[in-house]
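Asker: File follows, start.txt with compact mmCIF, C-alpha atoms and all ligand atoms:
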# COMPACT_ATOMS: atom_id res chain seq x y z
CA MET A 25 0.00 0.00 0.00
CA SER A 26 1.24 3.54 -0.81
CA PRO A 27 0.42 6.77 1.01
CA ASP A 28 -2.90 8.14 -0.24
CA ARG A 29 -2.24 10.57 -3.10
CA ARG A 30 -5.90 11.39 -3.77
CA GLY A 31 -5.85 14.10 -1.08
CA PRO A 32 -7.35 13.48 2.34
CA LEU A 33 -11.05 12.94 2.83
CA VAL A 34 -12.57 15.29 5.37
CA VAL A 35 -14.10 14.10 8.66
CA ALA A 36 -16.16 16.55 10.72
CA HIS A 37 -14.79 16.36 14.26
CA ARG A 38 -17.81 16.25 16.64
CA GLY A 39 -19.72 17.65 13.63
CA ALA A 40 -19.03 21.12 12.23
CA SER A 41 -18.10 21.94 15.82
CA ALA A 42 -16.44 25.31 15.21
CA ALA A 43 -19.79 26.67 14.05
CA ARG A 44 -22.35 24.64 16.03
CA PRO A 45 -22.33 23.03 19.51
CA GLU A 46 -20.36 19.78 19.36
CA HIS A 47 -22.15 16.43 19.04
CA THR A 48 -25.51 18.04 18.24
CA LEU A 49 -27.77 17.31 15.32
CA ALA A 50 -27.21 20.90 14.09
CA ALA A 51 -23.42 20.33 14.02
CA TYR A 52 -23.73 17.11 12.03
CA GLU A 53 -26.36 18.45 9.63
CA LEU A 54 -24.14 21.44 8.87
CA ALA A 55 -21.16 19.14 8.30
CA LEU A 56 -23.14 17.09 5.79
CA ALA A 57 -24.38 20.23 4.05
CA GLU A 58 -20.77 21.47 3.82
CA GLY A 59 -19.72 18.29 2.05
CA ALA A 60 -17.98 16.34 4.83
CA ASP A 61 -16.91 12.86 3.73
CA GLY A 62 -17.15 11.51 7.27
CA LEU A 63 -18.52 12.39 10.70
CA GLU A 64 -16.60 11.81 13.94
CA CYS A 65 -18.26 11.22 17.30
CA ASP A 66 -17.33 10.04 20.78
CA VAL A 67 -19.56 7.50 22.48
CA ARG A 68 -20.15 6.83 26.16
CA LEU A 69 -22.45 4.46 28.00
CA THR A 70 -25.25 5.73 30.20
CA ARG A 71 -26.04 4.03 33.50
CA ASP A 72 -28.88 2.14 31.82
CA GLY A 73 -26.72 0.93 28.93
CA HIS A 74 -27.38 3.36 26.06
CA LEU A 75 -24.67 4.79 23.82
CA VAL A 76 -24.72 8.58 23.66
CA CYS A 77 -22.53 11.04 21.78
CA VAL A 78 -20.66 12.93 24.52
CA HIS A 79 -16.93 13.62 24.66
CA ASP A 80 -16.21 14.32 28.34
CA ARG A 81 -16.74 11.97 31.25
CA ARG A 82 -19.01 14.67 32.70
CA ILE A 83 -21.70 16.66 30.91
CA ASP A 84 -20.89 19.97 32.67
CA ARG A 85 -18.98 21.60 29.78
CA THR A 86 -21.45 20.78 27.02
CA SER A 87 -24.89 20.82 28.64
CA SER A 88 -27.14 22.76 30.98
CA GLY A 89 -26.65 20.11 33.68
CA THR A 90 -23.92 18.54 35.78
CA GLY A 91 -22.93 14.94 36.39
CA VAL A 92 -21.11 11.90 35.08
CA VAL A 93 -22.57 10.31 31.94
CA SER A 94 -22.13 6.73 33.17
CA GLU A 95 -23.97 7.54 36.42
CA MET A 96 -27.01 9.04 34.66
CA THR A 97 -29.89 7.47 32.75
CA LEU A 98 -30.74 8.18 29.14
CA SER A 99 -33.93 9.82 30.28
CA SER A 100 -32.22 12.20 32.75
CA LEU A 101 -29.54 13.10 30.18
CA GLY A 102 -32.28 13.69 27.64
CA GLU A 103 -33.89 16.40 29.77
CA LEU A 104 -30.85 18.71 29.43
CA ASP A 105 -29.96 21.32 26.81
CA TYR A 106 -26.83 20.72 24.73
CA GLY A 107 -27.13 23.95 22.73
CA ASP A 108 -25.00 27.09 22.93
CA GLY A 109 -27.46 29.41 24.63
CA ASP A 110 -28.85 30.78 21.35
CA GLU A 111 -30.43 27.62 19.96
CA PRO A 112 -31.44 24.75 22.24
CA ALA A 113 -30.23 21.28 21.22
CA GLY A 114 -31.09 17.82 22.45
CA LEU A 115 -28.89 14.91 23.46
CA LEU A 116 -27.73 12.86 20.48
CA THR A 117 -27.65 9.08 20.78
CA LEU A 118 -25.47 6.92 18.56
CA ALA A 119 -28.66 5.54 17.00
CA ASP A 120 -29.74 9.10 16.08
CA LEU A 121 -26.42 9.73 14.39
CA ILE A 122 -26.37 6.43 12.49
CA THR A 123 -29.89 7.20 11.26
CA LEU A 124 -28.76 10.64 10.06
CA VAL A 125 -25.83 9.13 8.14
CA LEU A 126 -27.91 6.38 6.55
CA ASP A 127 -30.63 8.85 5.55
CA TRP A 128 -28.06 11.12 3.87
CA THR A 129 -28.17 9.73 0.37
CA SER A 130 -26.26 12.49 -1.51
CA ARG A 131 -22.89 10.84 -0.77
CA PRO A 132 -21.77 7.67 1.03
CA THR A 133 -20.62 9.35 4.24
CA LYS A 134 -18.72 7.33 6.84
CA LEU A 135 -19.19 7.48 10.59
CA PHE A 136 -16.00 7.47 12.70
CA ILE A 137 -17.01 6.31 16.17
CA GLU A 138 -14.55 6.72 19.03
CA THR A 139 -15.17 4.62 22.14
CA LYS A 140 -14.43 6.34 25.44
CA HIS A 141 -13.82 4.77 28.90
CA PRO A 142 -13.13 1.33 27.36
CA VAL A 143 -10.89 -0.01 30.12
CA ARG A 144 -13.16 0.62 33.08
CA TYR A 145 -16.10 -1.07 31.37
CA GLY A 146 -14.03 -4.04 30.18
CA GLY A 147 -15.56 -4.48 26.76
CA LEU A 148 -19.16 -3.47 27.49
CA VAL A 149 -18.89 -0.35 25.31
CA GLU A 150 -17.55 -2.36 22.38
CA SER A 151 -20.19 -5.09 22.67
CA LYS A 152 -22.98 -2.51 22.89
CA LEU A 153 -21.48 -0.68 19.94
CA LEU A 154 -21.31 -3.83 17.82
CA ALA A 155 -24.91 -4.68 18.73
CA GLU A 156 -26.01 -1.19 17.68
CA LEU A 157 -24.09 -1.40 14.40
CA ALA A 158 -25.58 -4.86 13.75
CA ARG A 159 -29.09 -3.47 14.37
CA PHE A 160 -28.48 -1.05 11.47
CA GLY A 161 -26.78 -3.70 9.28
CA LEU A 162 -23.35 -2.06 9.64
CA ALA A 163 -21.38 -4.62 11.68
CA ALA A 164 -20.37 -6.94 8.84
CA PRO A 165 -19.51 -4.86 5.76
CA ALA A 166 -18.56 -6.58 2.49
CA SER A 167 -15.12 -5.02 2.86
CA ALA A 168 -13.40 -2.34 4.94
CA ASP A 169 -13.62 0.06 1.96
CA HIS A 170 -17.39 -0.39 1.75
CA SER A 171 -17.97 0.00 5.47
CA ARG A 172 -20.13 2.95 6.55
CA ALA A 173 -18.67 2.74 10.08
CA VAL A 174 -15.12 2.96 11.40
CA VAL A 175 -14.38 2.27 15.08
CA MET A 176 -11.58 4.19 16.81
CA SER A 177 -9.97 4.15 20.23
CA PHE A 178 -6.88 5.17 22.15
CA ALA A 179 -7.18 1.81 23.91
CA ALA A 180 -5.50 -1.06 22.06
CA SER A 181 -7.73 -3.46 24.01
CA ALA A 182 -10.85 -1.85 22.53
CA VAL A 183 -9.51 -2.07 18.97
CA TRP A 184 -8.48 -5.66 19.57
CA ARG A 185 -11.96 -6.61 20.82
CA ILE A 186 -13.60 -5.02 17.78
CA ARG A 187 -11.20 -6.82 15.41
CA ARG A 188 -11.88 -10.14 17.10
CA SER A 189 -15.69 -9.81 16.99
CA ALA A 190 -16.11 -7.93 13.70
CA PRO A 191 -13.00 -8.59 11.57
CA LEU A 192 -14.27 -6.67 8.53
CA LEU A 193 -15.01 -3.44 10.37
CA PRO A 194 -12.26 -0.87 9.78
CA THR A 195 -10.53 0.41 12.91
CA VAL A 196 -8.22 3.26 13.88
CA LEU A 197 -5.77 2.94 16.77
CA LEU A 198 -5.36 6.50 18.05
CA GLY A 199 -2.17 7.45 19.85
CA ASP A 200 1.25 9.00 19.85
CA ALA A 201 4.37 8.23 17.83
CA SER A 202 5.62 5.44 20.11
CA ARG A 203 2.61 3.43 19.01
CA TYR A 204 3.38 3.54 15.33
CA LEU A 205 7.14 3.60 15.01
CA GLY A 206 9.29 0.53 15.54
CA GLY A 207 6.58 -2.14 15.21
CA GLY A 208 4.15 -0.75 17.76
CA ALA A 209 0.67 -1.70 18.86
CA ALA A 210 -1.07 -0.85 15.58
CA THR A 211 0.56 -3.97 14.18
CA THR A 212 -0.28 -6.22 17.09
CA VAL A 213 -3.96 -5.34 17.38
CA GLY A 214 -4.48 -5.35 13.61
CA ALA A 215 -5.99 -1.88 13.29
CA THR A 216 -6.63 -0.96 9.67
CA ALA A 217 -5.39 2.60 10.25
CA VAL A 218 -3.15 4.58 12.58
CA GLY A 219 -4.47 7.77 14.19
CA PRO A 220 -1.82 10.29 15.21
CA SER A 221 -2.61 13.86 16.23
CA ILE A 222 -1.42 16.62 13.88
CA ARG A 223 1.21 17.55 16.45
CA THR A 224 2.58 14.00 16.39
CA LEU A 225 2.53 13.98 12.60
CA ARG A 226 4.42 17.27 12.38
CA GLU A 227 7.16 15.75 14.55
CA HIS A 228 7.09 12.32 12.90
CA PRO A 229 5.88 12.62 9.30
CA GLU A 230 7.43 9.21 8.58
CA ILE A 231 4.44 7.63 10.35
CA VAL A 232 2.40 7.82 7.13
CA ASP A 233 4.94 5.91 5.01
CA LYS A 234 5.54 3.36 7.77
CA ALA A 235 1.82 2.75 8.15
CA ALA A 236 1.37 2.46 4.38
CA ALA A 237 4.23 -0.04 4.15
CA ALA A 238 2.33 -2.16 6.68
CA GLY A 239 -0.90 -1.82 4.66
CA ARG A 240 -2.45 0.77 6.96
CA ALA A 241 -4.07 4.12 6.22
CA THR A 242 -3.49 7.23 8.32
CA TYR A 243 -6.26 9.24 10.05
CA CYS A 244 -5.01 12.53 11.52
CA TRP A 245 -6.74 14.81 14.07
CA THR A 246 -7.57 17.63 14.69
CA VAL A 247 -6.43 19.39 11.52
CA ASP A 248 -7.75 22.96 11.43
CA ALA A 249 -4.86 25.12 10.14
CA HIS A 250 -4.25 25.58 6.42
CA GLU A 251 -0.58 24.56 6.60
CA ASP A 252 -1.53 21.36 8.45
CA VAL A 253 -4.12 20.43 5.83
CA ALA A 254 -1.42 21.00 3.18
CA LEU A 255 1.05 18.86 5.13
CA CYS A 256 -1.47 16.01 5.37
CA ARG A 257 -2.07 16.19 1.65
CA GLU A 258 1.65 16.18 0.91
CA LEU A 259 2.26 13.19 3.17
CA GLY A 260 -0.61 11.14 1.76
CA VAL A 261 -2.87 11.06 4.83
CA SER A 262 -6.20 9.36 4.00
CA TRP A 263 -8.49 11.15 6.48
CA VAL A 264 -8.26 14.47 8.32
CA ALA A 265 -10.60 15.21 11.21
CA THR A 266 -11.39 18.92 11.49
CA ASN A 267 -13.74 21.25 13.32
CA HIS A 268 -14.13 23.21 10.01
CA PRO A 269 -15.26 20.70 7.37
CA GLY A 270 -16.55 23.24 4.81
CA ARG A 271 -13.42 25.40 4.85
CA THR A 272 -11.21 22.31 4.67
CA LYS A 273 -13.12 20.91 1.69
CA ASN A 274 -12.64 24.27 -0.06
CA TRP A 275 -8.92 24.32 0.66
CA LEU A 276 -8.58 20.82 -0.75
CA GLY A 277 -10.77 21.63 -3.73
CA SER A 278 -12.67 18.42 -3.10
O1 LIG A 301 -10.67 11.98 16.17
C1 LIG A 301 -9.86 11.61 17.25
C2 LIG A 301 -9.87 12.69 18.28
O2 LIG A 301 -11.18 13.11 18.45
C3 LIG A 301 -9.29 12.23 19.57
O3 LIG A 301 -9.30 13.19 20.58
O4 LIG A 301 -10.15 14.16 22.66
O5 LIG A 301 -11.07 14.95 20.50
O6 LIG A 301 -11.64 12.68 21.34
P1 LIG A 301 -10.60 13.77 21.30
CA CA A 302 -12.97 12.00 19.54
What would the structure in this file look like if it were written as structure tokens?

Answerer:
Amino acid sequence: MSPDRRGPLVVAHRGASAARPEHTLAAYELALAEGADGLECDVRLTRDGHLVCVHDRRIDRTSSGTGVVSEMTLSSLGELDYGDGDEPAGLLTLADLITLVLDWTSRPTKLFIETKHPVRYGGLVESKLLAELARFGLAAPASADHSRAVVMSFAASAVWRIRRSAPLLPTVLLGDASRYLGGGAATTVGATAVGPSIRTLREHPEIVDKAAAAGRATYCWTVDAHEDVALCRELGVSWVATNHPGRTKNWLGS
């Protein structure tokens, strides 16, 4: 495999989150309207076992309430406002987001789902996630290229569990340079892509070639500056996650 010379595809990080409150329907709808090729979200488990799109362990920063997601029920989380004070916004579940992606028929957009707190819950998040993907017919794609879902994690154990249970689902092992250089964990857990931050990639651009030599794509986050988008294109990165999907698509002319 060679580095991707088609120019990176653009993934909206938490939706078009520079312009709309992160992880809200408004943020994802704007990202789709701006031409995003993929949507990124973080998923956490509620106390009663539902997967919701929330980044932090607590909801204090992004909602009108306070508390820890895993200690609250779907119903209590659903009563809060996730908007920015101007426009109210509801809680987004993973099922809501999958439905949005599957209903968007203009382009085959991919969903990049990052599992949070995977160690503490010892696989529960991954098994719930696979069950949810299976419910929508997304857990066993014909090939990684055709998959509408990509599962990502900083935890090698989470990626390993997904690979074991759903071998055709593409995966991204997020992390720093030590993970990818010198035969690191991306090889051992069989992730289909490596996921360095843009800072890591600036310091270690050789990650892209090394990953490609091992048959792996590169997903880079969070790529907002023009010179970083240009660097990713030059290096042959396959996917860039950005808070500004429309602007990034324009820069890339894609
Ligand atoms: O897309 C990966 C990136 O989102 C990882 O960092 O903290 O934004 O989830 P974080
Ligand atoms: Ca994330």

Asker: Excluding same-chain residues fewer than 3 positions from Lys234 in chain A, what lies within 12 Å of it counting all atoms listed in the file, as a list in words?

Answerer: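 Counting only the stated atoms, we get Met25, Ser26, Pro27, Ala201, Arg203, Tyr204, Leu205, Gly206, Gly207, Gly208, Ala210, Thr211, Ala217, Val218, His228, Pro229, Glu230, Ile231, Ala237, Ala238, Gly239, Arg240, Ala241, Thr242, Leu259, Gly260 and Val261 of chain A.
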
Asker: Show me which residues line ligand LIG 301 (chain A), defined as having an atom within 8 Å of a ligand atom where all atoms listed in the file count, and present them as a PyMOL selection string.

Answerer: chain A and resi 37-38+64-66+79+136+138+176+178+198+219+221+244-246+265

Asker: Please report the interatomic distance between CA of Leu135 in chain A and CA of Val175 in chain A in Å with one decimal.

Answerer: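 These two atoms are separated by 8.4 Å.
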
Asker: Quick one: of A:Val183, A:His141, A:Lys134, A:Ala43, who's nearest to Arg81 in chain A, counting all atoms listed in the file?

Answerer: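 Once distances to Arg81 in chain A are computed over all atoms listed in the file, the minimum belongs to A:His141.
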
Asker: Env of range 116-130 of chain A: 6 Å cut, atoms = all atoms listed in the file, seq-sep filter 2 positions within chain, self excluded. Answer as a PyMOL selection string.

Answerer: chain A and resi 75-77

Asker: Smallest atom-to-atom distance to ligand CA 302 (chain A): which of A:Thr133, A:Thr97, A:Thr139, A:Asn274, using only C-alpha atoms and all ligand atoms?

Answerer: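 Closest candidate: A:Thr139.
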
Asker: CA of Arg131 in chain A and CA of Ala215 in chain A, how far apart in Å?

Answerer: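 So the two atoms, CA of Ala215 in chain A and CA of Arg131 in chain A, lie 25.4 Å apart.
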
Asker: Calculate how many Å separate CA of Gly199 in chain A from CA of His170 in chain A, rounding to one decimal.

Answerer: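 These atoms are spaced 24.9 Å apart.
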